[in-house]
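Raw contents of data14.pdb, PDB, C-alpha atoms:
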ATOM      1  CA  MET A  36      60.893  87.008  53.635  1.00  0.00           C
ATOM      2  CA  VAL A  37      62.622  90.367  54.011  1.00  0.00           C
ATOM      3  CA  PHE A  38      62.519  92.008  57.437  1.00  0.00           C
ATOM      4  CA  LEU A  39      62.524  95.573  56.056  1.00  0.00           C
ATOM      5  CA  PRO A  40      61.628  95.896  52.343  1.00  0.00           C
ATOM      6  CA  ASP A  41      63.129  98.768  50.389  1.00  0.00           C
ATOM      7  CA  GLU A  42      59.877 100.749  50.309  1.00  0.00           C
ATOM      8  CA  SER A  43      59.938 100.910  54.118  1.00  0.00           C
ATOM      9  CA  ARG A  44      62.740 103.493  53.722  1.00  0.00           C
ATOM     10  CA  SER A  45      60.208 105.903  52.221  1.00  0.00           C
ATOM     11  CA  LEU A  46      58.536 106.090  55.624  1.00  0.00           C
ATOM     12  CA  PRO A  47      59.773 108.528  58.292  1.00  0.00           C
ATOM     13  CA  PRO A  48      62.060 106.519  60.572  1.00  0.00           C
ATOM     14  CA  PRO A  49      61.034 106.147  64.228  1.00  0.00           C
ATOM     15  CA  PRO A  50      62.869 108.472  66.639  1.00  0.00           C
ATOM     16  CA  LEU A  51      65.790 107.018  68.595  1.00  0.00           C
ATOM     17  CA  VAL A  52      63.575 107.114  71.698  1.00  0.00           C
ATOM     18  CA  ASN A  53      60.593 105.028  70.594  1.00  0.00           C
ATOM     19  CA  LYS A  54      58.132 102.691  72.264  1.00  0.00           C
ATOM     20  CA  GLY A  55      59.830  99.502  71.045  1.00  0.00           C
ATOM     21  CA  SER A  56      63.288 100.608  72.123  1.00  0.00           C
ATOM     22  CA  VAL A  57      62.195 101.852  75.537  1.00  0.00           C
ATOM     23  CA  TRP A  58      60.203  98.719  76.303  1.00  0.00           C
ATOM     24  CA  LEU A  59      62.825  96.211  75.103  1.00  0.00           C
ATOM     25  CA  GLY A  60      65.589  98.266  76.732  1.00  0.00           C
ATOM     26  CA  LEU A  61      63.645  98.033  79.967  1.00  0.00           C
ATOM     27  CA  THR A  62      63.196  94.265  79.604  1.00  0.00           C
ATOM     28  CA  GLY A  63      66.935  93.949  78.956  1.00  0.00           C
ATOM     29  CA  TRP A  64      67.717  95.878  82.104  1.00  0.00           C
ATOM     30  CA  ILE A  65      65.258  93.830  84.164  1.00  0.00           C
ATOM     31  CA  ALA A  66      66.838  90.659  82.748  1.00  0.00           C
ATOM     32  CA  ALA A  67      70.250  91.844  83.978  1.00  0.00           C
ATOM     33  CA  LEU A  68      68.788  92.672  87.401  1.00  0.00           C
ATOM     34  CA  LEU A  69      67.138  89.235  87.520  1.00  0.00           C
ATOM     35  CA  ASP A  70      70.454  87.635  86.607  1.00  0.00           C
ATOM     36  CA  ASN A  71      72.005  89.441  89.572  1.00  0.00           C
ATOM     37  CA  GLY A  72      69.225  88.235  91.832  1.00  0.00           C
ATOM     38  CA  PHE A  73      69.472  84.606  90.737  1.00  0.00           C
ATOM     39  CA  ASN A  74      73.232  84.592  91.333  1.00  0.00           C
ATOM     40  CA  HIS A  75      72.994  86.120  94.797  1.00  0.00           C
ATOM     41  CA  ARG A  76      74.654  89.379  93.753  1.00  0.00           C
ATOM     42  CA  PRO A  77      73.519  92.860  94.893  1.00  0.00           C
ATOM     43  CA  ILE A  78      70.603  93.560  92.560  1.00  0.00           C
ATOM     44  CA  ILE A  79      71.390  97.022  91.140  1.00  0.00           C
ATOM     45  CA  ARG A  80      74.962  97.634  92.265  1.00  0.00           C
ATOM     46  CA  ALA A  81      76.485  94.541  90.638  1.00  0.00           C
ATOM     47  CA  GLY A  82      77.326  93.865  87.007  1.00  0.00           C
ATOM     48  CA  VAL A  83      76.730  97.391  85.685  1.00  0.00           C
ATOM     49  CA  HIS A  84      78.515  96.402  82.471  1.00  0.00           C
ATOM     50  CA  ARG A  85      75.981  93.603  82.072  1.00  0.00           C
ATOM     51  CA  GLN A  86      73.044  95.936  82.768  1.00  0.00           C
ATOM     52  CA  ILE A  87      74.315  98.394  80.168  1.00  0.00           C
ATOM     53  CA  LEU A  88      74.911  95.636  77.589  1.00  0.00           C
ATOM     54  CA  PHE A  89      71.468  94.030  78.012  1.00  0.00           C
ATOM     55  CA  THR A  90      69.743  97.432  77.900  1.00  0.00           C
ATOM     56  CA  THR A  91      71.670  98.358  74.763  1.00  0.00           C
ATOM     57  CA  VAL A  92      70.786  95.101  72.996  1.00  0.00           C
ATOM     58  CA  GLY A  93      67.111  95.614  73.865  1.00  0.00           C
ATOM     59  CA  TRP A  94      67.205  99.229  72.637  1.00  0.00           C
ATOM     60  CA  PHE A  95      68.869  98.176  69.393  1.00  0.00           C
ATOM     61  CA  VAL A  96      66.411  95.339  68.637  1.00  0.00           C
ATOM     62  CA  GLY A  97      63.505  97.618  69.641  1.00  0.00           C
ATOM     63  CA  TYR A  98      64.479 100.203  67.036  1.00  0.00           C
ATOM     64  CA  TYR A  99      64.373  97.678  64.179  1.00  0.00           C
ATOM     65  CA  LEU A 100      61.148  96.140  65.449  1.00  0.00           C
ATOM     66  CA  ALA A 101      59.582  99.619  65.630  1.00  0.00           C
ATOM     67  CA  LYS A 102      60.630 100.247  62.018  1.00  0.00           C
ATOM     68  CA  ARG A 103      59.025  96.986  60.893  1.00  0.00           C
ATOM     69  CA  THR A 104      55.868  97.756  62.899  1.00  0.00           C
ATOM     70  CA  GLU A 105      55.526 101.146  61.191  1.00  0.00           C
ATOM     71  CA  TYR A 106      56.024  99.496  57.806  1.00  0.00           C
ATOM     72  CA  VAL A 107      53.383  96.800  58.393  1.00  0.00           C
ATOM     73  CA  HIS A 108      50.854  99.376  59.656  1.00  0.00           C
ATOM     74  CA  ALA A 109      51.542 101.683  56.698  1.00  0.00           C
ATOM     75  CA  LYS A 110      51.133  98.789  54.258  1.00  0.00           C
ATOM     76  CA  VAL A 111      47.802  97.767  55.749  1.00  0.00           C
ATOM     77  CA  ASP A 112      46.637 101.416  55.666  1.00  0.00           C
ATOM     78  CA  ARG A 113      47.636 101.739  52.025  1.00  0.00           C
ATOM     79  CA  GLU A 114      45.728  98.588  51.081  1.00  0.00           C
ATOM     80  CA  LEU A 115      42.703  99.760  53.074  1.00  0.00           C
ATOM     81  CA  PHE A 116      42.590 103.194  51.456  1.00  0.00           C
ATOM     82  CA  GLU A 117      43.140 101.664  48.037  1.00  0.00           C
ATOM     83  CA  TYR A 118      40.147  99.347  48.585  1.00  0.00           C
ATOM     84  CA  VAL A 119      37.970 102.251  49.750  1.00  0.00           C
ATOM     85  CA  ARG A 120      39.033 104.225  46.684  1.00  0.00           C
ATOM     86  CA  GLN A 121      38.128 101.346  44.354  1.00  0.00           C
ATOM     87  CA  HIS A 122      34.735 100.643  45.944  1.00  0.00           C
ATOM     88  CA  PRO A 123      33.160 104.078  46.504  1.00  0.00           C
ATOM     89  CA  GLU A 124      29.645 102.683  46.294  1.00  0.00           C
ATOM     90  CA  ASP A 125      30.221 100.635  49.458  1.00  0.00           C
ATOM     91  CA  PHE A 126      31.370 103.676  51.417  1.00  0.00           C
ATOM     92  CA  LYS A 127      28.733 106.262  50.638  1.00  0.00           C
ATOM     93  CA  ALA A 128      27.863 108.328  53.673  1.00  0.00           C
ATOM     94  CA  ALA A 129      24.270 107.757  54.825  1.00  0.00           C
ATOM     95  CA  GLY A 130      21.626 110.058  53.335  1.00  0.00           C
ATOM     96  CA  ILE A 131      23.679 111.299  50.341  1.00  0.00           C
TER      97      ILE A 131
ATOM     98  CA  MET B 202      75.513  53.645  67.886  1.00  0.00           C
ATOM     99  CA  ALA B 203      74.021  51.637  70.792  1.00  0.00           C
ATOM    100  CA  ALA B 204      75.418  48.439  69.317  1.00  0.00           C
ATOM    101  CA  ALA B 205      78.906  49.961  69.138  1.00  0.00           C
ATOM    102  CA  LEU B 206      78.666  51.074  72.782  1.00  0.00           C
ATOM    103  CA  ARG B 207      77.625  47.589  73.869  1.00  0.00           C
ATOM    104  CA  ALA B 208      80.539  46.105  71.903  1.00  0.00           C
ATOM    105  CA  ALA B 209      83.001  48.517  73.598  1.00  0.00           C
ATOM    106  CA  LYS B 210      81.537  47.641  77.025  1.00  0.00           C
ATOM    107  CA  GLY B 211      81.999  43.937  76.264  1.00  0.00           C
ATOM    108  CA  LEU B 212      85.647  44.559  75.309  1.00  0.00           C
ATOM    109  CA  ARG B 213      86.272  46.523  78.537  1.00  0.00           C
ATOM    110  CA  LEU B 214      84.703  43.797  80.661  1.00  0.00           C
ATOM    111  CA  ALA B 215      86.992  41.283  78.993  1.00  0.00           C
ATOM    112  CA  VAL B 216      90.190  43.290  79.921  1.00  0.00           C
ATOM    113  CA  GLY B 217      90.869  41.642  83.317  1.00  0.00           C
ATOM    114  CA  PRO B 218      92.696  43.322  86.275  1.00  0.00           C
ATOM    115  CA  PRO B 219      92.244  47.133  86.461  1.00  0.00           C
ATOM    116  CA  ASN B 220      94.938  49.334  84.921  1.00  0.00           C
ATOM    117  CA  LEU B 221      96.359  51.717  87.577  1.00  0.00           C
ATOM    118  CA  ALA B 222      97.917  54.158  85.119  1.00  0.00           C
ATOM    119  CA  PHE B 223      96.427  57.695  85.202  1.00  0.00           C
ATOM    120  CA  THR B 224      93.903  58.336  82.481  1.00  0.00           C
ATOM    121  CA  ARG B 225      94.022  61.630  80.685  1.00  0.00           C
ATOM    122  CA  SER B 226      90.982  63.718  80.113  1.00  0.00           C
ATOM    123  CA  ALA B 227      90.427  66.790  78.022  1.00  0.00           C
ATOM    124  CA  PHE B 228      87.987  68.102  80.590  1.00  0.00           C
ATOM    125  CA  VAL B 229      89.277  69.957  83.623  1.00  0.00           C
ATOM    126  CA  ALA B 230      87.047  71.757  86.077  1.00  0.00           C
ATOM    127  CA  LYS B 231      88.367  74.518  88.267  1.00  0.00           C
ATOM    128  CA  ARG B 232      86.663  76.390  91.040  1.00  0.00           C
ATOM    129  CA  ARG B 233      85.596  79.883  90.024  1.00  0.00           C
ATOM    130  CA  ASN B 234      87.344  82.691  91.900  1.00  0.00           C
ATOM    131  CA  HIS B 235      85.348  85.935  92.050  1.00  0.00           C
ATOM    132  CA  ASP B 236      87.884  88.007  94.020  1.00  0.00           C
ATOM    133  CA  GLN B 237      89.086  89.779  90.866  1.00  0.00           C
ATOM    134  CA  PRO B 238      86.712  91.280  88.317  1.00  0.00           C
ATOM    135  CA  ASN B 239      86.629  89.540  84.977  1.00  0.00           C
ATOM    136  CA  TRP B 240      88.240  92.502  83.211  1.00  0.00           C
ATOM    137  CA  PHE B 241      88.173  90.823  79.822  1.00  0.00           C
ATOM    138  CA  GLY B 242      84.431  90.240  80.127  1.00  0.00           C
ATOM    139  CA  VAL B 243      83.849  93.773  81.376  1.00  0.00           C
ATOM    140  CA  GLY B 244      85.855  95.250  78.488  1.00  0.00           C
ATOM    141  CA  LEU B 245      84.030  93.059  75.989  1.00  0.00           C
ATOM    142  CA  ALA B 246      80.632  94.098  77.368  1.00  0.00           C
ATOM    143  CA  PHE B 247      81.428  97.824  77.315  1.00  0.00           C
ATOM    144  CA  SER B 248      83.013  97.742  73.849  1.00  0.00           C
ATOM    145  CA  THR B 249      80.064  95.747  72.455  1.00  0.00           C
ATOM    146  CA  SER B 250      77.645  98.272  73.979  1.00  0.00           C
ATOM    147  CA  ALA B 251      79.598 101.191  72.518  1.00  0.00           C
ATOM    148  CA  ALA B 252      79.696  99.493  69.096  1.00  0.00           C
ATOM    149  CA  LEU B 253      75.937  98.818  69.193  1.00  0.00           C
ATOM    150  CA  TRP B 254      75.134 102.433  70.116  1.00  0.00           C
ATOM    151  CA  ALA B 255      77.427 103.702  67.356  1.00  0.00           C
ATOM    152  CA  LEU B 256      75.749 101.364  64.846  1.00  0.00           C
ATOM    153  CA  LEU B 257      72.317 102.493  66.012  1.00  0.00           C
ATOM    154  CA  PHE B 258      73.114 106.203  65.672  1.00  0.00           C
ATOM    155  CA  LYS B 259      74.646 105.600  62.241  1.00  0.00           C
ATOM    156  CA  GLN B 260      71.608 103.580  61.082  1.00  0.00           C
ATOM    157  CA  HIS B 261      69.172 106.203  62.351  1.00  0.00           C
ATOM    158  CA  ASN B 262      70.996 109.041  60.616  1.00  0.00           C
ATOM    159  CA  GLU B 263      71.124 107.042  57.372  1.00  0.00           C
ATOM    160  CA  ASP B 264      67.394 106.333  57.664  1.00  0.00           C
ATOM    161  CA  VAL B 265      66.602 110.028  58.140  1.00  0.00           C
ATOM    162  CA  MET B 266      68.796 111.016  55.168  1.00  0.00           C
ATOM    163  CA  GLU B 267      67.186 108.385  52.934  1.00  0.00           C
ATOM    164  CA  TYR B 268      63.666 109.452  53.960  1.00  0.00           C
ATOM    165  CA  GLU B 269      64.431 113.130  53.254  1.00  0.00           C
ATOM    166  CA  ARG B 270      66.008 112.204  49.916  1.00  0.00           C
ATOM    167  CA  ARG B 271      62.989 110.186  48.825  1.00  0.00           C
ATOM    168  CA  LYS B 272      60.664 112.969  49.943  1.00  0.00           C
ATOM    169  CA  GLU B 273      62.574 115.438  47.734  1.00  0.00           C
ATOM    170  CA  GLU B 274      62.485 112.953  44.868  1.00  0.00           C
ATOM    171  CA  ARG B 275      58.727 112.590  45.184  1.00  0.00           C
ATOM    172  CA  GLN B 276      58.340 116.408  45.249  1.00  0.00           C
ATOM    173  CA  HIS B 277      60.394 116.689  42.078  1.00  0.00           C
ATOM    174  CA  LYS B 278      58.479 113.904  40.338  1.00  0.00           C
ATOM    175  CA  CYS B 279      55.012 115.153  41.291  1.00  0.00           C
ATOM    176  CA  THR B 280      55.427 118.901  40.825  1.00  0.00           C
ATOM    177  CA  GLY B 281      58.046 118.752  38.099  1.00  0.00           C
ATOM    178  CA  CYS B 282      61.151 120.863  38.350  1.00  0.00           C
ATOM    179  CA  SER B 283      59.838 124.245  39.382  1.00  0.00           C
TER     180      SER B 283
END
Here is a file; write its structure as structure tokens.
Amino acid sequence: MVFLPDESRSLPPPPLVNKGSVWLGLTGWIAALLDNGFNHRPIIRAGVHRQILFTTVGWFVGYYLAKRTEYVHAKVDRELFEYVRQHPEDFKAAGI
Amino acid sequence: MAAALRAAKGLRLAVGPPNLAFTRSAFVAKRRNHDQPNWFGVGLAFSTSAALWALLFKQHNEDVMEYERRKEERQHKCTGCS
């Protein structure tokens, strides 16, 4: 199964600062801080290169996950609207 | 595999007096010294981060260009060349 089908490129791409990136970037940073803690290093002052790397990896993965999320939601919406369009009798507003 | 191990153990037991020659091993452990930063690791981490950010910016710009291009294409197709 393809992670991002070609038609997903017709959707507007998520901004560089998006929910997925921010959240996974944060988890990456916390993971680096935890690593410092577990190895008895100063929590925020040590291993800045590691903190930056983990945050970057999280941000990067978050961007692609956000793109896939948008695609899946758009696909479901399209199928929903298509169904509503094909079954107008089931969606008549009350009283009309 | 277990049978082969048992056979090897039997052979070793049958050797006799212990051999005092030094045995060689591929595995050497040394005590980690953290006085000096691991500059290679630091460089690798920073360069990987820079590469990932560059890739991300490139991908995002390509995505925006492709979206705009497809939007134009859809305009052209739907409204005809006006």
Original post:
Which polymer residues have any atom within 8 Å of an atom of Leu59 of chain A, counting all atoms listed in the file, with same-chain residues fewer than 4 positions away left out, as an MDAnalysis selection string?
Top reply: chainID A and resid 55 63 90 93:94 96:97
**OP:** To verify the selection step, state as JSON, numbers by chain which residues the PyMOL selection byres ((chain B) within 7 of (chain A)) yields on this input.
**Re:** {"B": [243, 246, 247, 250, 257, 264, 265, 267, 268, 271]}
Original post:
Pick from A:Lys102, A:Pro77, A:Tyr118, A:Val57: nearest to Gln260 of chain B, with all atoms listed in the file counted?
Top reply: A:Lys102
Subject >> Coordinates-based distance that separates atom CA of Lys110 of chain A from atom CA of Val37 of chain A (Å, one decimal) >> reply: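 We find that atom CA of Val37 of chain A and atom CA of Lys110 of chain A lie 14.2 Å from each other.
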**OP:** May I ask for the distance between atom CA of Glu114 of chain A and atom CA of Phe38 of chain A, given in Å to one decimal place?
**Re:** 19.1 Å
Subject >> Gap from atom CA of Cys282 of chain B to atom CA of Arg120 of chain A - Å, one decimal >> reply: 28.9 Å
